[in-house]
$ cat coords_39.txt   # compact mmCIF, C-alpha atoms
# COMPACT_ATOMS: atom_id res chain seq x y z
CA MET A 1 -0.83 -22.11 -18.94
CA LYS A 2 1.67 -24.96 -18.94
CA LYS A 3 4.60 -24.81 -16.58
CA ILE A 4 8.02 -24.47 -18.22
CA PRO A 5 10.23 -27.56 -17.58
CA LYS A 6 13.01 -26.84 -15.09
CA PRO A 7 15.94 -27.72 -17.46
CA LEU A 8 14.53 -25.40 -20.12
CA ALA A 9 14.06 -22.62 -17.58
CA ASP A 10 17.64 -23.08 -16.30
CA ALA A 11 18.98 -22.95 -19.87
CA ALA A 12 17.05 -19.73 -20.53
CA ILE A 13 18.44 -18.21 -17.30
CA THR A 14 21.99 -19.16 -18.31
CA VAL A 15 21.64 -17.62 -21.77
CA PHE A 16 20.03 -14.48 -20.33
CA PHE A 17 22.88 -13.80 -17.89
CA LEU A 18 25.52 -14.51 -20.56
CA LEU A 19 23.90 -12.05 -22.97
CA LEU A 20 23.45 -9.48 -20.20
CA CYS A 21 27.12 -9.77 -19.18
CA PHE A 22 28.24 -9.54 -22.80
CA VAL A 23 26.22 -6.36 -23.40
CA LEU A 24 27.46 -4.78 -20.15
CA CYS A 25 31.06 -5.59 -21.05
CA LEU A 26 30.65 -4.00 -24.49
CA LEU A 27 29.21 -0.86 -22.90
CA ILE A 28 32.02 -0.65 -20.32
CA GLN A 29 34.69 -1.25 -22.97
CA ASN A 30 33.36 1.41 -25.35
CA ALA A 31 32.41 3.98 -22.72
CA PHE A 32 35.24 3.71 -20.19
CA GLY A 33 37.86 1.42 -21.69
CA ALA A 34 37.96 -0.44 -18.34
CA TYR A 35 39.08 -3.89 -19.48
CA THR A 36 39.92 -5.04 -15.97
CA LEU A 37 36.25 -5.06 -14.96
CA ILE A 38 35.20 -7.42 -17.76
CA PRO A 39 36.29 -10.73 -16.14
CA ALA A 40 34.57 -9.68 -12.90
CA ILE A 41 31.30 -9.14 -14.77
CA PHE A 42 31.43 -12.61 -16.33
CA ILE A 43 32.25 -14.07 -12.90
CA LEU A 44 29.23 -12.24 -11.46
CA GLY A 45 27.04 -13.65 -14.24
CA SER A 46 28.32 -17.15 -13.51
CA PHE A 47 27.67 -16.64 -9.80
CA LEU A 48 24.08 -15.48 -10.38
CA THR A 49 23.47 -18.39 -12.76
CA SER A 50 24.78 -20.86 -10.17
CA LEU A 51 22.63 -19.25 -7.49
CA ILE A 52 19.36 -19.50 -9.41
CA THR A 53 19.75 -22.75 -11.37
CA GLU A 54 19.93 -26.28 -9.96
CA GLY A 55 23.06 -28.43 -9.77
CA TYR A 56 26.52 -27.80 -11.17
CA ILE A 57 26.02 -28.04 -14.93
CA TRP A 58 24.57 -24.60 -15.66
CA GLY A 59 27.05 -22.71 -13.49
CA ILE A 60 29.99 -24.54 -15.10
CA LEU A 61 28.56 -23.98 -18.60
CA SER A 62 28.11 -20.31 -17.78
CA ALA A 63 31.73 -20.07 -16.61
CA LEU A 64 33.10 -21.85 -19.69
CA SER A 65 30.94 -19.74 -22.01
CA GLY A 66 32.08 -16.60 -20.18
CA VAL A 67 35.71 -17.62 -20.63
CA LEU A 68 35.20 -18.17 -24.36
CA LEU A 69 33.33 -14.87 -24.83
CA PHE A 70 35.93 -12.98 -22.81
CA ASP A 71 38.82 -14.45 -24.79
CA PHE A 72 37.04 -14.11 -28.15
CA ALA A 73 35.67 -10.55 -27.87
CA PHE A 74 37.68 -8.74 -25.21
CA GLU A 75 41.25 -10.07 -25.35
CA LEU A 76 43.92 -9.61 -28.02
CA PRO A 77 43.87 -10.85 -30.69
CA TYR A 78 40.18 -9.96 -31.05
CA PHE A 79 37.68 -12.45 -32.52
CA GLN A 80 40.10 -15.35 -32.07
CA LEU A 81 40.40 -17.96 -29.38
CA ASN A 82 43.93 -17.88 -28.08
CA PHE A 83 44.83 -19.62 -24.83
CA THR A 84 48.57 -19.61 -25.47
CA VAL A 85 48.79 -16.17 -23.86
CA ALA A 86 49.46 -16.63 -20.16
CA ASP A 87 47.03 -13.89 -19.06
CA ASN A 88 44.16 -15.45 -21.02
CA LEU A 89 44.85 -18.90 -19.65
CA VAL A 90 45.11 -17.70 -16.04
CA SER A 91 41.90 -15.65 -16.39
CA ALA A 92 40.09 -18.67 -17.78
CA LEU A 93 41.27 -20.94 -14.97
CA ILE A 94 40.33 -18.38 -12.31
CA MET A 95 36.81 -18.03 -13.75
CA ILE A 96 36.28 -21.80 -13.89
CA VAL A 97 37.55 -22.30 -10.33
CA ILE A 98 35.34 -19.50 -8.98
CA ALA A 99 32.33 -20.88 -10.88
CA PHE A 100 32.91 -24.38 -9.54
CA ALA A 101 33.32 -23.06 -5.98
CA THR A 102 30.15 -21.01 -6.34
CA CYS A 103 28.21 -24.01 -7.66
CA THR A 104 29.45 -26.11 -4.76
CA LEU A 105 28.46 -23.47 -2.23
CA THR A 106 25.02 -22.80 -3.70
CA THR A 107 24.32 -26.54 -4.07
CA LYS A 108 25.17 -27.07 -0.41
CA LEU A 109 22.97 -24.13 0.60
CA LYS A 110 20.05 -25.47 -1.43
CA LYS A 111 20.56 -28.91 0.09
CA GLN A 112 20.53 -27.40 3.57
CA GLU A 113 17.33 -25.51 2.75
CA ALA A 114 15.72 -28.74 1.50
CA GLU A 115 16.80 -30.55 4.67
CA LYS A 116 15.41 -27.70 6.77
CA ALA A 117 12.09 -27.86 4.92
CA GLU A 118 11.95 -31.63 5.43
CA SER A 119 12.76 -31.15 9.11
CA GLU A 120 9.93 -28.63 9.45
CA LYS A 121 7.59 -31.05 7.68
CA GLU A 122 8.56 -33.82 10.11
CA LYS A 123 7.99 -31.41 13.01
CA MET A 124 4.55 -30.63 11.61
CA ARG A 125 3.73 -34.35 11.48
CA ALA A 126 4.93 -34.78 15.07
CA ASP A 127 2.86 -31.79 16.20
CA LEU A 128 -0.13 -33.25 14.39
CA LEU A 129 0.23 -36.59 16.18
CA ARG A 130 0.57 -34.84 19.55
CA ALA A 131 -2.46 -32.66 18.80
CA VAL A 132 -4.78 -35.53 17.91
CA SER A 133 -3.58 -38.10 20.46
CA HIS A 134 -5.92 -36.77 23.17
CA ASP A 135 -8.86 -36.39 20.78
CA LEU A 136 -8.47 -39.95 19.49
CA ARG A 137 -8.10 -41.44 22.95
CA THR A 138 -11.27 -39.84 24.39
CA PRO A 139 -13.89 -41.25 21.96
CA LEU A 140 -12.14 -44.63 21.87
CA THR A 141 -12.36 -44.81 25.66
CA THR A 142 -16.04 -43.85 25.52
CA ILE A 143 -16.80 -46.45 22.85
CA TYR A 144 -14.95 -49.14 24.81
CA GLY A 145 -16.69 -48.29 28.09
CA ALA A 146 -20.18 -48.09 26.57
CA SER A 147 -19.84 -51.29 24.56
CA SER A 148 -18.50 -53.13 27.62
CA ALA A 149 -21.50 -51.99 29.65
CA LEU A 150 -23.92 -53.10 26.92
CA LEU A 151 -22.30 -56.53 26.78
CA ASP A 152 -22.55 -56.94 30.53
CA GLU A 153 -25.75 -58.91 31.18
CA ASN A 154 -25.78 -57.85 34.82
CA SER A 155 -25.54 -54.11 34.14
CA GLY A 156 -29.27 -53.59 34.71
CA LEU A 157 -29.51 -50.85 32.10
CA ALA A 158 -32.92 -49.62 31.03
CA PRO A 159 -33.83 -49.72 27.31
CA GLN A 160 -33.63 -45.90 27.13
CA GLN A 161 -30.14 -45.97 28.64
CA LYS A 162 -29.01 -48.62 26.17
CA GLU A 163 -30.39 -46.59 23.27
CA LYS A 164 -28.61 -43.46 24.52
CA MET A 165 -25.33 -45.37 24.85
CA LEU A 166 -25.69 -46.82 21.34
CA LEU A 167 -26.32 -43.34 19.96
CA GLY A 168 -23.20 -42.13 21.76
CA ILE A 169 -21.16 -44.97 20.26
CA ARG A 170 -22.44 -44.08 16.79
CA GLU A 171 -21.62 -40.38 17.23
CA ASP A 172 -18.11 -41.17 18.48
CA ALA A 173 -17.56 -43.57 15.57
CA GLN A 174 -18.72 -40.88 13.10
CA TRP A 175 -16.37 -38.37 14.67
CA LEU A 176 -13.45 -40.83 14.45
CA THR A 177 -14.29 -41.41 10.79
CA ARG A 178 -14.13 -37.67 10.08
CA MET A 179 -10.86 -37.40 12.00
CA VAL A 180 -9.31 -40.21 9.94
CA GLU A 181 -10.59 -38.59 6.72
CA ASN A 182 -8.87 -35.35 7.71
CA LEU A 183 -5.63 -37.14 8.58
CA LEU A 184 -5.68 -39.03 5.27
CA SER A 185 -6.28 -35.74 3.45
CA ILE A 186 -3.21 -34.22 5.09
CA THR A 187 -1.16 -37.27 4.07
CA LYS A 188 -2.45 -37.10 0.51
CA LEU A 189 -1.78 -33.37 0.15
CA ASP A 190 1.58 -33.36 1.91
CA GLY A 191 3.62 -34.60 -1.05
CA THR A 192 5.05 -32.53 -3.88
CA ASN A 193 3.19 -34.43 -6.62
CA VAL A 194 -0.41 -34.00 -5.50
CA ARG A 195 -2.90 -35.82 -7.72
CA LEU A 196 -6.43 -34.43 -7.58
CA PHE A 197 -9.37 -36.19 -9.19
CA LYS A 198 -10.87 -33.10 -10.79
CA THR A 199 -14.21 -33.29 -12.61
CA SER A 200 -16.61 -30.70 -14.01
CA THR A 201 -18.88 -29.94 -11.07
CA VAL A 202 -22.06 -27.88 -11.22
CA LEU A 203 -22.13 -25.45 -8.30
CA ASP A 204 -25.81 -25.89 -7.34
CA GLU A 205 -25.61 -29.70 -7.28
CA PHE A 206 -22.35 -29.64 -5.32
CA LEU A 207 -23.76 -27.33 -2.63
CA ASP A 208 -26.94 -29.39 -2.30
CA THR A 209 -24.88 -32.52 -1.61
CA ALA A 210 -22.50 -30.77 0.81
CA LEU A 211 -25.33 -29.16 2.83
CA ILE A 212 -27.24 -32.45 3.04
CA HIS A 213 -24.14 -34.08 4.54
CA PHE A 214 -23.68 -31.14 6.92
CA HIS A 215 -27.30 -31.24 8.10
CA LYS A 216 -27.02 -34.95 8.82
CA ARG A 217 -24.36 -34.06 11.38
CA TYR A 218 -26.04 -30.86 12.63
CA PRO A 219 -29.79 -31.18 11.91
CA CYS A 220 -30.68 -28.23 14.13
CA GLN A 221 -28.24 -25.77 12.58
CA GLU A 222 -29.74 -23.58 9.85
CA VAL A 223 -27.51 -22.21 7.10
CA SER A 224 -28.59 -19.15 5.12
CA VAL A 225 -27.56 -19.69 1.48
CA ASP A 226 -27.07 -16.97 -1.14
CA LEU A 227 -26.16 -18.24 -4.63
CA PRO A 228 -25.61 -16.49 -7.98
CA GLU A 229 -28.30 -16.88 -10.63
CA GLU A 230 -25.92 -17.78 -13.45
CA PHE A 231 -24.81 -21.32 -14.24
CA ILE A 232 -21.37 -22.05 -12.75
CA SER A 233 -19.21 -25.10 -13.37
CA ILE A 234 -15.94 -25.72 -11.52
CA GLN A 235 -13.10 -28.13 -12.27
CA MET A 236 -12.37 -29.59 -8.85
CA ASP A 237 -12.09 -32.64 -6.64
CA ALA A 238 -15.65 -32.43 -5.35
CA LEU A 239 -15.10 -34.70 -2.32
CA LEU A 240 -12.16 -32.63 -1.06
CA ILE A 241 -13.85 -29.27 -1.62
CA GLU A 242 -16.94 -30.63 0.14
CA GLN A 243 -14.67 -31.48 3.06
CA VAL A 244 -13.39 -27.88 3.07
CA LEU A 245 -16.93 -26.51 3.19
CA ILE A 246 -18.10 -28.89 5.92
CA ASN A 247 -14.97 -28.35 8.02
CA ILE A 248 -15.46 -24.56 7.96
CA LEU A 249 -19.17 -24.86 8.78
CA GLU A 250 -18.31 -27.29 11.60
CA ASN A 251 -15.73 -24.85 12.91
CA ALA A 252 -18.40 -22.15 13.19
CA VAL A 253 -20.90 -24.45 14.91
CA CYS A 254 -18.31 -25.49 17.50
CA HIS A 255 -16.31 -22.33 18.13
CA ALA A 256 -18.56 -19.33 17.34
CA LYS A 257 -19.96 -18.76 20.85
CA GLY A 258 -23.23 -16.85 20.84
CA MET A 259 -23.82 -17.52 17.14
CA THR A 260 -27.39 -16.96 15.96
CA MET A 261 -26.73 -16.81 12.22
CA LEU A 262 -24.59 -18.94 9.89
CA SER A 263 -24.50 -18.02 6.23
CA LEU A 264 -22.97 -19.31 3.02
CA LYS A 265 -22.62 -16.85 0.15
CA VAL A 266 -21.21 -17.74 -3.26
CA PHE A 267 -20.37 -15.19 -5.96
CA THR A 268 -18.01 -14.76 -8.89
CA ILE A 269 -15.33 -12.13 -9.42
CA HIS A 270 -12.75 -11.88 -12.21
CA GLY A 271 -13.35 -15.41 -13.41
CA ARG A 272 -13.16 -16.93 -9.92
CA VAL A 273 -15.88 -18.34 -7.72
CA VAL A 274 -15.77 -17.17 -4.10
CA PHE A 275 -17.21 -19.16 -1.19
CA GLU A 276 -17.87 -17.02 1.88
CA ILE A 277 -18.93 -18.60 5.20
CA ALA A 278 -19.85 -16.06 7.88
CA ASP A 279 -21.22 -16.17 11.42
CA ASP A 280 -22.19 -13.60 14.04
CA GLY A 281 -20.47 -15.34 16.95
CA CYS A 282 -17.58 -14.30 19.16
CA GLY A 283 -14.99 -14.02 16.38
CA ILE A 284 -11.43 -15.35 16.42
CA GLU A 285 -8.65 -14.29 18.79
CA LYS A 286 -6.14 -12.05 17.02
CA GLU A 287 -3.17 -14.24 17.93
CA ARG A 288 -4.87 -17.39 16.71
CA LEU A 289 -6.10 -15.66 13.55
CA LYS A 290 -2.50 -15.15 12.37
CA HIS A 291 -1.77 -18.89 12.35
CA ILE A 292 -5.23 -20.37 11.92
CA PHE A 293 -4.36 -22.33 8.74
CA LYS A 294 -0.80 -23.23 9.72
CA GLY A 295 -0.73 -25.07 13.04
CA TYR A 296 -2.64 -26.92 15.67
CA TYR A 297 -3.76 -25.43 18.92
CA ASN A 298 -3.89 -27.22 22.26
CA THR A 299 -7.27 -29.01 22.25
CA GLU A 300 -7.13 -29.61 26.01
CA THR A 301 -7.75 -25.90 26.66
CA LEU A 302 -11.07 -26.02 24.78
CA PRO A 303 -14.49 -26.82 26.24
CA SER A 304 -15.41 -30.47 25.90
CA ASP A 305 -18.05 -29.86 23.22
CA CYS A 306 -15.55 -27.93 21.08
CA ARG A 307 -12.67 -30.30 21.74
CA ARG A 308 -14.34 -32.99 19.66
CA SER A 309 -14.76 -30.85 16.54
CA ASN A 310 -11.19 -31.46 15.26
CA ALA A 311 -11.42 -27.91 13.85
CA GLY A 312 -7.70 -27.17 14.13
CA ILE A 313 -6.87 -30.17 11.97
CA GLY A 314 -9.79 -29.40 9.65
CA LEU A 315 -8.60 -25.87 8.93
CA CYS A 316 -5.10 -27.12 8.13
CA VAL A 317 -6.68 -29.60 5.72
CA CYS A 318 -8.79 -26.81 4.20
CA SER A 319 -5.72 -24.74 3.45
CA ALA A 320 -3.87 -27.69 1.89
CA ILE A 321 -6.83 -28.66 -0.30
CA ILE A 322 -7.46 -25.13 -1.59
CA ARG A 323 -3.75 -24.54 -2.31
CA ALA A 324 -3.61 -27.85 -4.20
CA HIS A 325 -6.46 -26.56 -6.37
CA GLY A 326 -4.54 -23.35 -7.09
CA GLY A 327 -6.91 -21.27 -4.98
CA THR A 328 -6.62 -19.02 -1.94
CA ILE A 329 -8.18 -19.14 1.52
CA GLU A 330 -8.38 -16.56 4.29
CA ALA A 331 -10.16 -15.78 7.53
CA GLU A 332 -10.99 -12.51 9.23
CA ASN A 333 -13.19 -10.99 11.90
CA THR A 334 -16.14 -8.85 10.87
CA LYS A 335 -16.71 -5.33 12.15
CA ASN A 336 -20.02 -6.23 13.77
CA GLY A 337 -18.68 -9.34 15.51
CA GLY A 338 -18.26 -12.84 14.20
CA ALA A 339 -15.89 -14.29 11.66
CA VAL A 340 -15.83 -14.93 7.95
CA PHE A 341 -13.92 -17.62 6.06
CA ARG A 342 -13.39 -17.07 2.37
CA PHE A 343 -11.87 -19.30 -0.32
CA GLN A 344 -11.60 -18.87 -4.08
CA LEU A 345 -11.40 -21.33 -6.97
CA ASP A 346 -11.10 -20.86 -10.72
CA THR A 347 -14.27 -21.48 -12.72
CA GLU A 348 -14.12 -23.99 -15.56
CA GLU A 349 -14.25 -21.14 -18.12
CA GLU A 350 -11.28 -19.38 -16.47
CA ILE A 351 -9.19 -22.59 -16.50
CA HIS A 352 -10.03 -23.09 -20.19
CA GLU A 353 -8.93 -19.52 -21.03
CA GLN A 354 -5.65 -20.00 -19.11
CA GLN A 355 -4.90 -23.20 -21.05
CA ILE A 356 -5.51 -21.42 -24.36
$ encode --input "coords_39.txt" --output "C-alpha cells"
Amino acid sequence: MKKIPKPLADAAITVFFLLLCFVLCLLIQNAFGAYTLIPAIFILGSFLTSLITEGYIWGILSALSGVLLFDFAFELPYFQLNFTVADNLVSALIMIVIAFATCTLTTKLKKQEAEKAESEKEKMRADLLRAVSHDLRTPLTTIYGASSALLDENSGLAPQQKEKMLLGIREDAQWLTRMVENLLSITKLDGTNVRLFKTSTVLDEFLDTALIHFHKRYPCQEVSVDLPEEFISIQMDALLIEQVLINILENAVCHAKGMTMLSLKVFTIHGRVVFEIADDGCGIEKERLKHIFKGYYNTETLPSDCRRSNAGIGLCVCSAIIRAHGGTIEAENTKNGGAVFRFQLDTEEEIHEQQI
C-alpha cells in the first residue's frame, strides 16, 4: 500500500477538523442556542490542525476558513459574508491571531523535538565510537606485533610459530572486516531515506549461502536447521539479511555459555516468514534483555573470547536492517534455559497483495 504524501494528508486533516467543527457548531446552535461557544470550537479546530500538520500554512488556512464559516453560517446576517460589523471583524482577527500563535508554538515544539532526536542520534554515534575503540585497537595491536615479529630476521621463530602467527593475523583481519561491515551498515541505515537493494530471494538458496559463510567462520559449530516444505520467496536485500542471520548466530556462539545446541527454524504465519534462532545456553540477563537492540554494552567487562565478537554492535545492526525491511525483531529467554532470537519478514506474495 502506497504511503499518502504529507501535503495531501495535511490537507485531509485540515478539511476533517473544519467539517467536524462545523457539524459540532450546528448541533450546539440548534440544541442549546449557545452562540458564544462557536468561535471557541473553530479556534480549537485550528489549534488541533496546527498541532498535527507541518508548518504554518495549514493552521492559518484552518483559521481563515473557520472565520469565513463562522461569519457565513453563524453570524447575522446569515449566509452572507459581512465584516463591516465590529463583532465579526474582532472575532475574525482574534481567531487569526490565535491560529498564528498556535502555529508558531507548535512549529517551535516540533523543531525542538527534531533537534532532540538529532542530539540523541549524535549521542548514539559517540557511544558507538567509544564502544568499538577498544575492540578495534586490540586486533590492530596484535596484527602489528605479529607482523613485526615475522619481519624480524633475528626473531628465531620456528615454522609452526610463524604459521600460527599468520593464522592469527588472518583471523584478526577477518574480524576487522566484519566490524567495518557492521559499522557501514549502521551508517547506511541511519538516514531517513534508506535505499535497500531488494531482489526476489528463494529461502532455501539464501539459507545455504548464509550457513556456508557462517561455517567458514565457525567450522566446529553445528546448526540444526528446520525449514518449511513449501516454496518461499522473499523480497529483501539478501546481503543485509544474511548479515542479520550470521550476527545472531555469532552472538549465540560467543555469549551462550554452556551451549550444546544451536538451532535455526523457519516457518510462515499470516503471510510472514519467521526466522527463529535458539540455543540452550545461559540465556540473557534481564536488564540487558530490555535494551539488547538499542545500545552498546561495555565490552571490557566481557571475557576476551567474547569481547571480539562485536555482538553488541551486530545486534544493533540487526534491528536497523529488519526495521528497514518493514519487519520486526525480538529476543527472549526460554523456559528451559537459553535464548531465542526471532525476526519476521513479509513474503513476496504478501508484499504483492499489499500493493494491490
$ residues_around --input "coords_39.txt" --residues "Phe197 of chain A" --least-positions-apart "6" --cutoff "12 Å" --atoms "only C-alpha atoms" --output "PDB file with C-alpha atoms, in the coordinates of the input"
ATOM      1  CA  LYS A 188      -2.450 -37.100   0.510  1.00  0.00           C
ATOM      2  CA  GLN A 235     -13.100 -28.130 -12.270  1.00  0.00           C
ATOM      3  CA  MET A 236     -12.370 -29.590  -8.850  1.00  0.00           C
ATOM      4  CA  ASP A 237     -12.090 -32.640  -6.640  1.00  0.00           C
ATOM      5  CA  ALA A 238     -15.650 -32.430  -5.350  1.00  0.00           C
ATOM      6  CA  LEU A 239     -15.100 -34.700  -2.320  1.00  0.00           C
ATOM      7  CA  LEU A 240     -12.160 -32.630  -1.060  1.00  0.00           C
ATOM      8  CA  ILE A 241     -13.850 -29.270  -1.620  1.00  0.00           C
ATOM      9  CA  ILE A 321      -6.830 -28.660  -0.300  1.00  0.00           C
ATOM     10  CA  ALA A 324      -3.610 -27.850  -4.200  1.00  0.00           C
ATOM     11  CA  HIS A 325      -6.460 -26.560  -6.370  1.00  0.00           C
TER      12      HIS A 325
END
$ atom_distance --input "coords_39.txt" --atom1 "atom CA of Gly327 of chain A" --atom2 "atom CA of Ala12 of chain A"
28.6 Å
$ axis_aligned_box --input "coords_39.txt" --around "segment 140-153 of chain A" --padding-each-side "3 Å" --output "AutoDock Vina command-line options"
--center_x -18.9 --center_y -51.4 --center_z 26.5 --size_x 19.6 --size_y 21.1 --size_z 15.3
$ closest_residue --input "coords_39.txt" --among "A:Leu245, A:Ala252, A:Leu264, A:Ala31" --to "Pro228 of chain A" --atoms "only C-alpha atoms"
A:Leu264
$ atom_distance --input "coords_39.txt" --atom1 "atom CA of Thr347 of chain A" --atom2 "atom CA of Val202 of chain A"
10.2 Å
$ atom_distance --input "coords_39.txt" --atom1 "atom CA of Ser319 of chain A" --atom2 "atom CA of Glu242 of chain A"
13.1 Å
$ residues_near_point --input "coords_39.txt" --point "(-23.7, -11.7, 12.0)" --cutoff "7 Å" --atoms "all atoms listed in the file" --output "PyMOL selection string"
chain A and resi 261+279-281+336-338
$ closest_residue --input "coords_39.txt" --among "A:Val223, A:Leu18, A:Leu184, A:Ile234" --to "Thr199 of chain A" --atoms "all atoms listed in the file"
A:Ile234
$ residues_around --input "coords_39.txt" --residues "segment 147-153 of chain A" --least-positions-apart "2" --cutoff "10 Å" --atoms "only C-alpha atoms" --output "list in words"
Thr141, Thr142, Ile143, Tyr144, Gly145, Ser155, Gly156, Leu157, Gln161, Lys162, Glu163, Met165, Leu166 and Ile169 of chain A
$ closest_residue --input "coords_39.txt" --among "A:Thr328, A:Ile232, A:His270, A:Ala101" --to "Ser200 of chain A" --atoms "all atoms listed in the file"
A:Ile232
$ closest_residue --input "coords_39.txt" --among "A:Val180, A:Ile246, A:Leu68, A:Leu61" --to "Phe22 of chain A" --atoms "only C-alpha atoms"
A:Leu68
$ closest_residue --input "coords_39.txt" --among "A:Tyr56, A:Trp175, A:Phe343, A:Phe206" --to "Glu276 of chain A" --atoms "all atoms listed in the file"
A:Phe343
$ closest_residue --input "coords_39.txt" --among "A:Ile38, A:Val97, A:Ala73, A:Leu315" --to "Ile60 of chain A" --atoms "only C-alpha atoms"
A:Val97
$ decode --input "coords_39.txt" --residues "segment 156-172 of chain A" --atoms "N, CA and C atoms" --output "short mmCIF file (atom, residue, chain, number, x, y, z; two decimals), in the first residue's frame"
data_model
loop_
_atom_site.label_atom_id
_atom_site.label_comp_id
_atom_site.auth_asym_id
_atom_site.auth_seq_id
_atom_site.Cartn_x
_atom_site.Cartn_y
_atom_site.Cartn_z
N GLY A 156 64.12 -15.74 15.35
CA GLY A 156 64.33 -17.15 15.66
C GLY A 156 63.05 -17.95 15.81
N LEU A 157 62.02 -17.56 15.12
CA LEU A 157 60.73 -18.26 15.22
C LEU A 157 60.76 -19.56 14.42
N ALA A 158 60.14 -20.58 15.00
CA ALA A 158 60.01 -21.85 14.30
C ALA A 158 58.92 -21.75 13.24
N PRO A 159 58.97 -22.61 12.20
CA PRO A 159 57.93 -22.56 11.16
C PRO A 159 56.52 -22.70 11.71
N GLN A 160 56.34 -23.55 12.74
CA GLN A 160 55.00 -23.71 13.33
C GLN A 160 54.53 -22.41 14.01
N GLN A 161 55.49 -21.72 14.65
CA GLN A 161 55.14 -20.45 15.30
C GLN A 161 54.75 -19.40 14.27
N LYS A 162 55.50 -19.37 13.17
CA LYS A 162 55.19 -18.41 12.11
C LYS A 162 53.81 -18.68 11.51
N GLU A 163 53.52 -19.97 11.31
CA GLU A 163 52.21 -20.32 10.75
C GLU A 163 51.09 -19.92 11.70
N LYS A 164 51.31 -20.15 13.00
CA LYS A 164 50.29 -19.78 13.99
C LYS A 164 50.08 -18.27 14.02
N MET A 165 51.17 -17.51 13.91
CA MET A 165 51.06 -16.05 13.92
C MET A 165 50.36 -15.55 12.66
N LEU A 166 50.63 -16.17 11.52
CA LEU A 166 49.96 -15.79 10.28
C LEU A 166 48.47 -16.09 10.34
N LEU A 167 48.13 -17.23 10.94
CA LEU A 167 46.71 -17.56 11.12
C LEU A 167 46.03 -16.54 12.03
N GLY A 168 46.75 -16.12 13.08
CA GLY A 168 46.19 -15.10 13.97
C GLY A 168 45.98 -13.78 13.27
N ILE A 169 46.94 -13.40 12.41
CA ILE A 169 46.79 -12.16 11.63
C ILE A 169 45.57 -12.25 10.72
N ARG A 170 45.39 -13.41 10.08
CA ARG A 170 44.24 -13.58 9.19
C ARG A 170 42.93 -13.50 9.96
N GLU A 171 42.87 -14.14 11.12
CA GLU A 171 41.63 -14.10 11.92
C GLU A 171 41.32 -12.69 12.39
N ASP A 172 42.34 -11.96 12.84
CA ASP A 172 42.12 -10.58 13.26
C ASP A 172 41.67 -9.70 12.10
#
